[in-house]
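Shown next: run-v8.txt, containing compact mmCIF, C-alpha atoms.
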# COMPACT_ATOMS: atom_id res chain seq x y z
CA MET A 1 -54.96 -22.46 6.10
CA THR A 2 -51.86 -24.54 6.64
CA ARG A 3 -51.97 -25.65 3.01
CA ARG A 4 -52.25 -22.03 1.86
CA LEU A 5 -49.25 -21.06 3.98
CA LEU A 6 -47.31 -23.95 2.53
CA VAL A 7 -48.16 -22.86 -1.01
CA ILE A 8 -47.17 -19.25 -0.28
CA SER A 9 -43.94 -20.37 1.36
CA ALA A 10 -43.15 -22.61 -1.59
CA GLY A 11 -43.82 -19.70 -3.93
CA ILE A 12 -41.46 -17.42 -2.02
CA ILE A 13 -38.75 -20.07 -2.00
CA LEU A 14 -39.28 -20.64 -5.73
CA LEU A 15 -39.04 -16.91 -6.48
CA ALA A 16 -35.94 -16.58 -4.33
CA GLY A 17 -34.46 -19.57 -6.09
CA CYS A 18 -35.12 -18.04 -9.51
CA ALA A 19 -33.56 -14.74 -8.48
CA THR A 20 -30.54 -16.51 -7.09
CA THR A 21 -30.06 -18.61 -10.20
CA SER A 22 -30.37 -15.54 -12.38
CA GLN A 23 -27.90 -13.63 -10.26
CA THR A 24 -25.30 -16.34 -10.48
CA GLN A 25 -25.64 -16.45 -14.27
CA TRP A 26 -26.47 -12.93 -15.47
CA THR A 27 -23.52 -10.86 -16.62
CA PRO A 28 -23.48 -7.32 -18.02
CA THR A 29 -22.58 -6.93 -21.67
CA VAL A 30 -19.18 -5.29 -21.80
CA ASP A 31 -17.49 -3.89 -24.87
CA THR A 32 -13.79 -4.59 -24.42
CA TYR A 33 -12.70 -2.86 -27.62
CA GLY A 34 -9.87 -0.44 -26.92
CA ASN A 35 -10.19 -0.91 -23.18
CA SER A 36 -6.97 -1.44 -21.26
CA GLN A 37 -9.05 -2.91 -18.45
CA ALA A 38 -10.13 -5.86 -20.60
CA GLN A 39 -7.57 -8.14 -19.01
CA TYR A 40 -9.29 -7.67 -15.65
CA LEU A 41 -12.78 -8.36 -16.99
CA SER A 42 -13.09 -11.85 -15.56
CA ARG A 43 -11.81 -10.89 -12.11
CA ASP A 44 -13.90 -7.73 -11.94
CA THR A 45 -17.01 -9.57 -13.11
CA GLU A 46 -16.84 -12.04 -10.27
CA GLU A 47 -15.99 -9.43 -7.64
CA CYS A 48 -18.78 -7.14 -8.83
CA ARG A 49 -21.22 -10.04 -8.93
CA SER A 50 -20.42 -10.82 -5.32
CA LEU A 51 -20.85 -7.19 -4.32
CA ALA A 52 -24.08 -6.80 -6.27
CA MET A 53 -25.53 -9.93 -4.71
CA ARG A 54 -24.94 -8.44 -1.29
CA THR A 55 -26.63 -5.18 -2.13
CA SER A 56 -29.61 -6.87 -3.72
CA GLY A 57 -30.17 -9.27 -0.87
CA SER A 58 -29.62 -12.51 -2.69
CA THR A 59 -30.48 -15.43 -0.46
CA SER A 60 -27.50 -17.37 -1.71
CA GLU A 61 -25.04 -14.91 -0.29
CA GLN A 62 -24.16 -15.29 3.35
CA ALA A 63 -23.86 -12.22 5.51
CA THR A 64 -20.14 -11.96 5.90
CA GLN A 65 -17.74 -9.09 5.94
CA GLY A 66 -14.24 -9.04 4.60
CA ALA A 67 -14.79 -10.47 1.14
CA VAL A 68 -15.73 -7.12 -0.35
CA SER A 69 -13.20 -5.62 -2.67
CA THR A 70 -13.56 -2.31 -4.43
CA GLY A 71 -10.34 -2.65 -6.38
CA LEU A 72 -9.69 0.97 -5.44
CA LEU A 73 -7.54 2.58 -2.81
CA GLY A 74 -7.96 5.39 -0.32
CA ALA A 75 -10.78 7.87 -0.82
CA ALA A 76 -11.70 6.29 -4.14
CA GLY A 77 -12.89 3.16 -2.34
CA GLY A 78 -15.60 4.93 -0.34
CA ALA A 79 -16.66 6.93 -3.38
CA ALA A 80 -17.04 3.72 -5.38
CA ILE A 81 -18.95 1.87 -2.66
CA GLY A 82 -21.31 4.83 -2.13
CA GLY A 83 -22.05 5.02 -5.84
CA ILE A 84 -22.55 1.30 -6.23
CA LEU A 85 -24.92 1.14 -3.29
CA GLY A 86 -26.72 4.29 -4.33
CA GLY A 87 -28.96 2.36 -6.65
CA SER A 88 -30.37 0.28 -3.82
CA ARG A 89 -30.63 2.82 -1.07
CA ARG A 90 -34.30 2.26 -0.28
CA SER A 91 -33.63 -1.33 0.56
CA LEU A 92 -30.90 -0.62 3.05
CA GLY A 93 -31.54 -0.02 6.70
CA ARG A 94 -29.80 2.70 8.64
CA GLY A 95 -26.41 1.70 9.87
CA ALA A 96 -26.63 -1.67 8.19
CA ALA A 97 -23.32 -3.27 7.54
CA LEU A 98 -22.79 -4.26 3.94
CA GLY A 99 -22.24 -7.88 4.82
CA ALA A 100 -25.55 -8.00 6.65
CA VAL A 101 -27.56 -6.65 3.78
CA GLY A 102 -28.07 -10.03 2.19
CA GLY A 103 -29.50 -11.52 5.35
CA ALA A 104 -31.67 -8.49 6.11
CA LEU A 105 -33.37 -8.51 2.74
CA ALA A 106 -33.66 -12.25 2.50
CA GLY A 107 -36.76 -12.02 4.65
CA GLY A 108 -38.76 -11.05 1.63
CA VAL A 109 -38.77 -7.28 2.08
CA SER A 110 -38.37 -6.68 -1.61
CA SER A 111 -39.98 -8.54 -4.45
CA ALA A 112 -37.94 -10.75 -6.74
CA SER A 113 -38.19 -8.22 -9.58
CA GLN A 114 -36.98 -5.36 -7.37
CA THR A 115 -34.14 -7.51 -6.15
CA GLU A 116 -33.23 -8.39 -9.70
CA ALA A 117 -33.21 -4.77 -10.81
CA GLN A 118 -31.09 -3.76 -7.82
CA PHE A 119 -28.68 -6.58 -8.55
CA LYS A 120 -28.24 -5.55 -12.18
CA ARG A 121 -27.92 -1.86 -11.35
CA ALA A 122 -25.31 -2.51 -8.67
CA PHE A 123 -23.47 -4.94 -10.96
CA ASN A 124 -23.37 -2.41 -13.82
CA ASN A 125 -22.32 0.44 -11.52
CA CYS A 126 -19.52 -1.65 -10.09
CA MET A 127 -18.21 -2.61 -13.53
CA ARG A 128 -18.32 0.98 -14.74
CA GLN A 129 -16.48 2.14 -11.64
CA ARG A 130 -13.73 -0.26 -12.62
CA GLY A 131 -13.43 1.28 -16.05
CA HIS A 132 -15.41 -1.22 -18.15
CA ASN A 133 -17.67 -0.08 -20.96
CA VAL A 134 -21.01 -1.61 -19.94
CA LEU A 135 -23.57 -1.52 -22.74
CA ASN A 136 -26.73 -2.50 -20.88
CA MET B 1 30.61 -6.06 40.63
CA LYS B 2 31.83 -6.34 37.07
CA GLN B 3 28.92 -8.65 36.32
CA ILE B 4 26.38 -6.15 37.71
CA GLY B 5 27.95 -3.40 35.60
CA PHE B 6 27.74 -5.57 32.50
CA ILE B 7 24.06 -6.44 33.10
CA THR B 8 23.26 -2.78 33.76
CA ALA B 9 24.97 -1.80 30.52
CA ILE B 10 22.98 -4.41 28.56
CA LEU B 11 19.76 -3.23 30.18
CA LEU B 12 20.56 0.39 29.39
CA LEU B 13 21.42 -0.49 25.79
CA SER B 14 18.23 -2.44 25.28
CA MET B 15 16.24 0.45 26.77
CA VAL B 16 17.88 2.91 24.39
CA ALA B 17 17.31 0.55 21.45
CA GLY B 18 13.68 0.08 22.51
CA THR B 19 13.12 3.83 22.71
CA ALA B 20 14.71 4.34 19.31
CA GLY B 21 12.48 1.61 17.84
CA ALA B 22 9.36 3.16 19.30
CA GLY B 23 10.42 6.51 17.90
CA ASP B 24 10.86 4.97 14.45
CA GLU B 25 7.45 3.34 14.68
CA GLY B 26 5.90 6.64 15.68
CA GLY B 27 7.63 8.37 12.80
CA LEU B 28 6.48 5.74 10.33
CA SER B 29 2.94 5.88 11.67
CA ALA B 30 2.87 9.65 11.17
CA THR B 31 4.33 9.28 7.69
CA LEU B 32 1.71 6.74 6.65
CA ARG B 33 -1.08 8.83 8.12
CA GLN B 34 0.17 11.73 6.03
CA VAL B 35 0.06 9.54 2.91
CA VAL B 36 -3.59 8.82 3.68
CA GLU B 37 -4.41 12.46 4.37
CA ASN B 38 -2.70 13.55 1.16
CA ASN B 39 -4.73 11.00 -0.74
CA LEU B 40 -8.00 12.22 0.77
CA ALA B 41 -7.16 15.88 0.18
CA ALA B 42 -6.22 15.25 -3.44
CA HIS B 43 -9.32 13.15 -4.08
CA ASN B 44 -11.56 15.75 -2.41
CA ARG B 45 -10.28 18.47 -4.70
CA GLU B 46 -10.63 16.09 -7.65
CA ASP B 47 -6.93 16.21 -8.34
CA MET B 48 -6.18 13.19 -10.52
CA SER B 49 -2.43 13.60 -10.49
CA GLY B 50 -2.29 14.31 -6.76
CA THR B 51 -4.42 11.26 -5.97
CA MET B 52 -2.35 8.99 -8.18
CA GLN B 53 0.86 10.25 -6.60
CA SER B 54 -0.12 8.47 -3.40
CA ILE B 55 -0.54 5.15 -5.22
CA HIS B 56 2.43 2.86 -5.88
CA THR B 57 2.82 2.53 -9.64
CA LYS B 58 3.28 -1.24 -9.30
CA SER B 59 0.20 -1.62 -7.11
CA PRO B 60 -2.24 -4.27 -8.35
CA ASP B 61 -4.94 -1.58 -8.15
CA TYR B 62 -2.99 1.18 -9.92
CA THR B 63 -4.69 0.67 -13.30
CA ASN B 64 -8.10 0.38 -11.65
CA MET B 65 -7.50 3.70 -9.94
CA LYS B 66 -6.38 5.39 -13.12
CA GLN B 67 -9.48 4.19 -14.93
CA ALA B 68 -11.99 4.89 -12.18
CA LEU B 69 -10.94 8.36 -11.04
CA PRO B 70 -12.01 10.34 -14.14
CA ASN B 71 -15.42 8.69 -13.91
CA GLN B 72 -15.71 9.49 -10.19
CA PHE B 73 -14.63 13.08 -10.65
CA SER B 74 -17.03 13.69 -13.51
CA THR B 75 -20.11 12.09 -11.95
CA GLN B 76 -19.66 12.57 -8.21
CA ASP B 77 -18.85 15.31 -5.76
CA ALA B 78 -17.55 13.04 -3.04
CA ARG B 79 -15.90 14.22 0.16
CA THR B 80 -13.95 11.76 2.25
CA GLU B 81 -12.65 12.28 5.75
CA LEU B 82 -10.39 10.13 7.86
CA VAL B 83 -12.35 8.46 10.64
CA SER B 84 -9.51 6.53 12.23
CA PHE B 85 -5.94 5.48 11.59
CA HIS B 86 -4.22 2.74 13.56
CA TYR B 87 -0.70 1.78 12.61
CA ILE B 88 -0.20 -1.98 12.89
CA GLY B 89 3.40 -2.72 11.90
CA HIS B 90 5.92 -3.16 9.14
CA ASP B 91 8.73 -5.32 7.79
CA ASP B 92 11.49 -4.48 5.34
CA GLU B 93 9.11 -3.98 2.46
CA PHE B 94 5.57 -3.32 3.58
CA ALA B 95 3.76 -1.41 6.31
CA VAL B 96 0.22 -2.07 7.45
CA ALA B 97 -2.42 0.11 9.09
CA ARG B 98 -6.12 -0.10 9.82
CA VAL B 99 -7.75 2.89 8.17
CA ALA B 100 -11.38 3.97 8.18
CA TYR B 101 -12.88 6.62 5.89
CA LYS B 102 -16.24 8.32 5.79
CA THR B 103 -17.44 9.37 2.35
CA VAL B 104 -20.36 11.64 1.56
CA ASP B 105 -21.46 12.93 -1.82
CA GLN B 106 -22.88 16.34 -2.56
CA SER B 107 -23.89 15.75 -6.16
CA GLU B 108 -27.34 14.76 -7.41
CA GLU B 109 -26.14 11.25 -8.13
CA PRO B 110 -27.60 8.42 -6.02
CA PHE B 111 -25.11 7.79 -3.28
CA VAL B 112 -25.00 6.08 0.09
CA THR B 113 -22.88 7.82 2.69
CA ASN B 114 -20.61 5.17 4.08
CA VAL B 115 -17.79 4.40 6.46
CA LEU B 116 -15.26 2.08 4.90
CA ASP B 117 -13.11 0.10 7.32
CA THR B 118 -9.93 -1.26 5.73
CA ILE B 119 -6.63 -2.93 6.38
CA THR B 120 -4.32 -0.93 4.14
CA VAL B 121 -0.90 -2.01 2.94
CA PHE B 122 1.76 0.55 2.05
CA HIS B 123 4.92 0.02 0.05
CA GLN B 124 7.86 2.28 -0.60
CA GLU B 125 8.57 3.61 -4.06
CA ASP B 126 11.78 5.57 -4.54
CA GLY B 127 11.96 6.10 -0.81
CA THR B 128 8.38 7.33 -0.49
CA TRP B 129 5.60 5.37 1.20
CA LYS B 130 2.55 4.87 -0.99
CA TYR B 131 -0.66 2.89 -1.08
CA TRP B 132 -0.12 -0.66 -2.25
CA SER B 133 -3.40 -2.48 -1.59
CA ASN B 134 -6.23 -2.72 0.85
CA HIS B 135 -8.67 -5.23 2.21
CA VAL B 136 -12.16 -4.06 3.12
CA LEU B 137 -13.14 -5.28 6.57
CA GLY B 138 -16.61 -3.80 6.45
CA VAL B 139 -18.80 -1.01 5.18
CA GLU B 140 -21.25 0.85 7.35
CA MET B 141 -23.97 2.77 5.61
CA VAL B 142 -24.99 5.88 7.45
CA GLN B 143 -28.31 7.76 7.22

Can you dump the structure from the file as structure tokens?
Amino acid sequence: MTRRLLVISAGIILLAGCATTSQTQWTPTVDTYGNSQAQYLSRDTEECRSLAMRTSGSTSEQATQGAVSTGLLGAAGGAAIGGILGGSRRSLGRGAALGAVGGALAGGVSSASQTEAQFKRAFNNCMRQRGHNVLN
Amino acid sequence: MKQIGFITAILLLSMVAGTAGAGDEGGLSATLRQVVENNLAAHNREDMSGTMQSIHTKSPDYTNMKQALPNQFSTQDARTELVSFHYIGHDDEFAVARVAYKTVDQSEEPFVTNVLDTITVFHQEDGTWKYWSNHVLGVEMVQ
């Protein structure tokens, strides 16, 4: 029994590890042709990656607040955040703070594939909100 | 006696100066709050030009805003209301306030109603206070 638990635990850790590795490496394909936002691609990619990792519950992301940046001001900020998080609504508890999402989902609530899909969707949404032409 | 009169005069002067300062702060706080409310109203009626008018043209987020707004207006039907506004302070160039917004969306697009808590920086442009930048302190997802 103990051995089985150990195997299952190892499997979960392995899956989480794979998801985390993928999330630190995967990047949306962006067509920069004719886009005045191209100069911000690198900055936006990293900020959106960080945001997407929070929404998808990556285990590598600590539950902290304050590092989230929408790159938008006033009402546009809330509209962007709501849209970005919209893709992962089922995974978010009521009243959950964004920074706590990573920790809440790290308990294995969602499968690695679901987490991966949420991550990519949030990542793509975030990049599009910032005016990039995301192809995938 | 002369000394008491002098001290009284200094005290009175500092009181007057203090009152004037507080009045200025109150005036600035109201002005900044109005900037925020104008921004929300313009965004809610999907008024691109009105929304951008509240953003400083030299703001590091100005281009982001200009790019993102058409997309937001075409895909979302977002409504944002001011949850709280707390003026923090200012120097010669910038003013700072803690501002929280609640945004809901009435379109069919997937959307999470949220309360965005920010530290917002304002900067004057041609004598008018405008949004300069903000730092998100936290996001609360509701319902």

Worksheet, complete the sentence: From atom CA of Pro60 of chain B to atom CA of Lys120 of chain A the spacing works out at 26.3 Å

Worksheet item: If you count all atoms listed in the file, which residues fall within 10 Å of Val30 of chain A, apart from same-chain ones fewer than 4 positions away, as a PyMOL selection string?
Response: chain A and resi 38+41+45+124+127-128+132-136

Writer output for current selection, C-alpha atoms, as a PDB file, keeping the file's coordinate frame:
ATOM      1  CA  ALA A  38     -10.130  -5.860 -20.600  1.00  0.00           C
ATOM      2  CA  LEU A  41     -12.780  -8.360 -16.990  1.00  0.00           C
ATOM      3  CA  THR A  45     -17.010  -9.570 -13.110  1.00  0.00           C
ATOM      4  CA  ASN A 124     -23.370  -2.410 -13.820  1.00  0.00           C
ATOM      5  CA  MET A 127     -18.210  -2.610 -13.530  1.00  0.00           C
ATOM      6  CA  ARG A 128     -18.320   0.980 -14.740  1.00  0.00           C
ATOM      7  CA  HIS A 132     -15.410  -1.220 -18.150  1.00  0.00           C
ATOM      8  CA  ASN A 133     -17.670  -0.080 -20.960  1.00  0.00           C
ATOM      9  CA  VAL A 134     -21.010  -1.610 -19.940  1.00  0.00           C
ATOM     10  CA  LEU A 135     -23.570  -1.520 -22.740  1.00  0.00           C
ATOM     11  CA  ASN A 136     -26.730  -2.500 -20.880  1.00  0.00           C
TER      12      ASN A 136
END

Worksheet item: Which of these residues is nearest to chain A, using only C-alpha atoms: B:Ser74, B:Ser107, B:Thr118, B:Gln67?
Response: B:Gln67

Worksheet item: Counting all atoms listed in the file, which residues from chain B have an atom at most 6 Å from any atom of chain A, and could you show them as a list in words?
Response: Leu40, Asp61, Asn64, Met65, Gln67, Ala68, Thr80, Thr103, Pro110, Phe111, Val112, Thr113, Leu116, Val136, Leu137, Gly138, Val139, Glu140, Met141, Val142 and Gln143 of chain B

Worksheet item: By how many Å are atom CA of Arg45 of chain B and atom CA of His135 of chain B apart?
Response: 24.7 Å

Discussion item. Counting all atoms listed in the file, find residues at most 9 Å from (-1.8, 10.6, -3.0) (file frame) and give them as a list of chain:residue names.
Written reply: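 It turns out the residues near that spot are A:Gly74, B:Val35, B:Val36, B:Glu37, B:Asn38, B:Asn39, B:Leu40, B:Ala41, B:Ala42, B:His43, B:Ser49, B:Gly50, B:Thr51, B:Met52, B:Gln53, B:Ser54, B:Ile55, B:Lys130, B:Tyr131.
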
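For the pair atom CA of Cys126 of chain A and atom CA of Glu81 of chain B, the separation is 22.2 Å.
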
Discussion item. As an MDAnalysis selection string, please: the residues near Phe94 of chain B (cut-off 6 Å, only C-alpha atoms, same-chain neighbours under 3 positions excluded).
Written reply: chainID B and resid 90:91 122:123
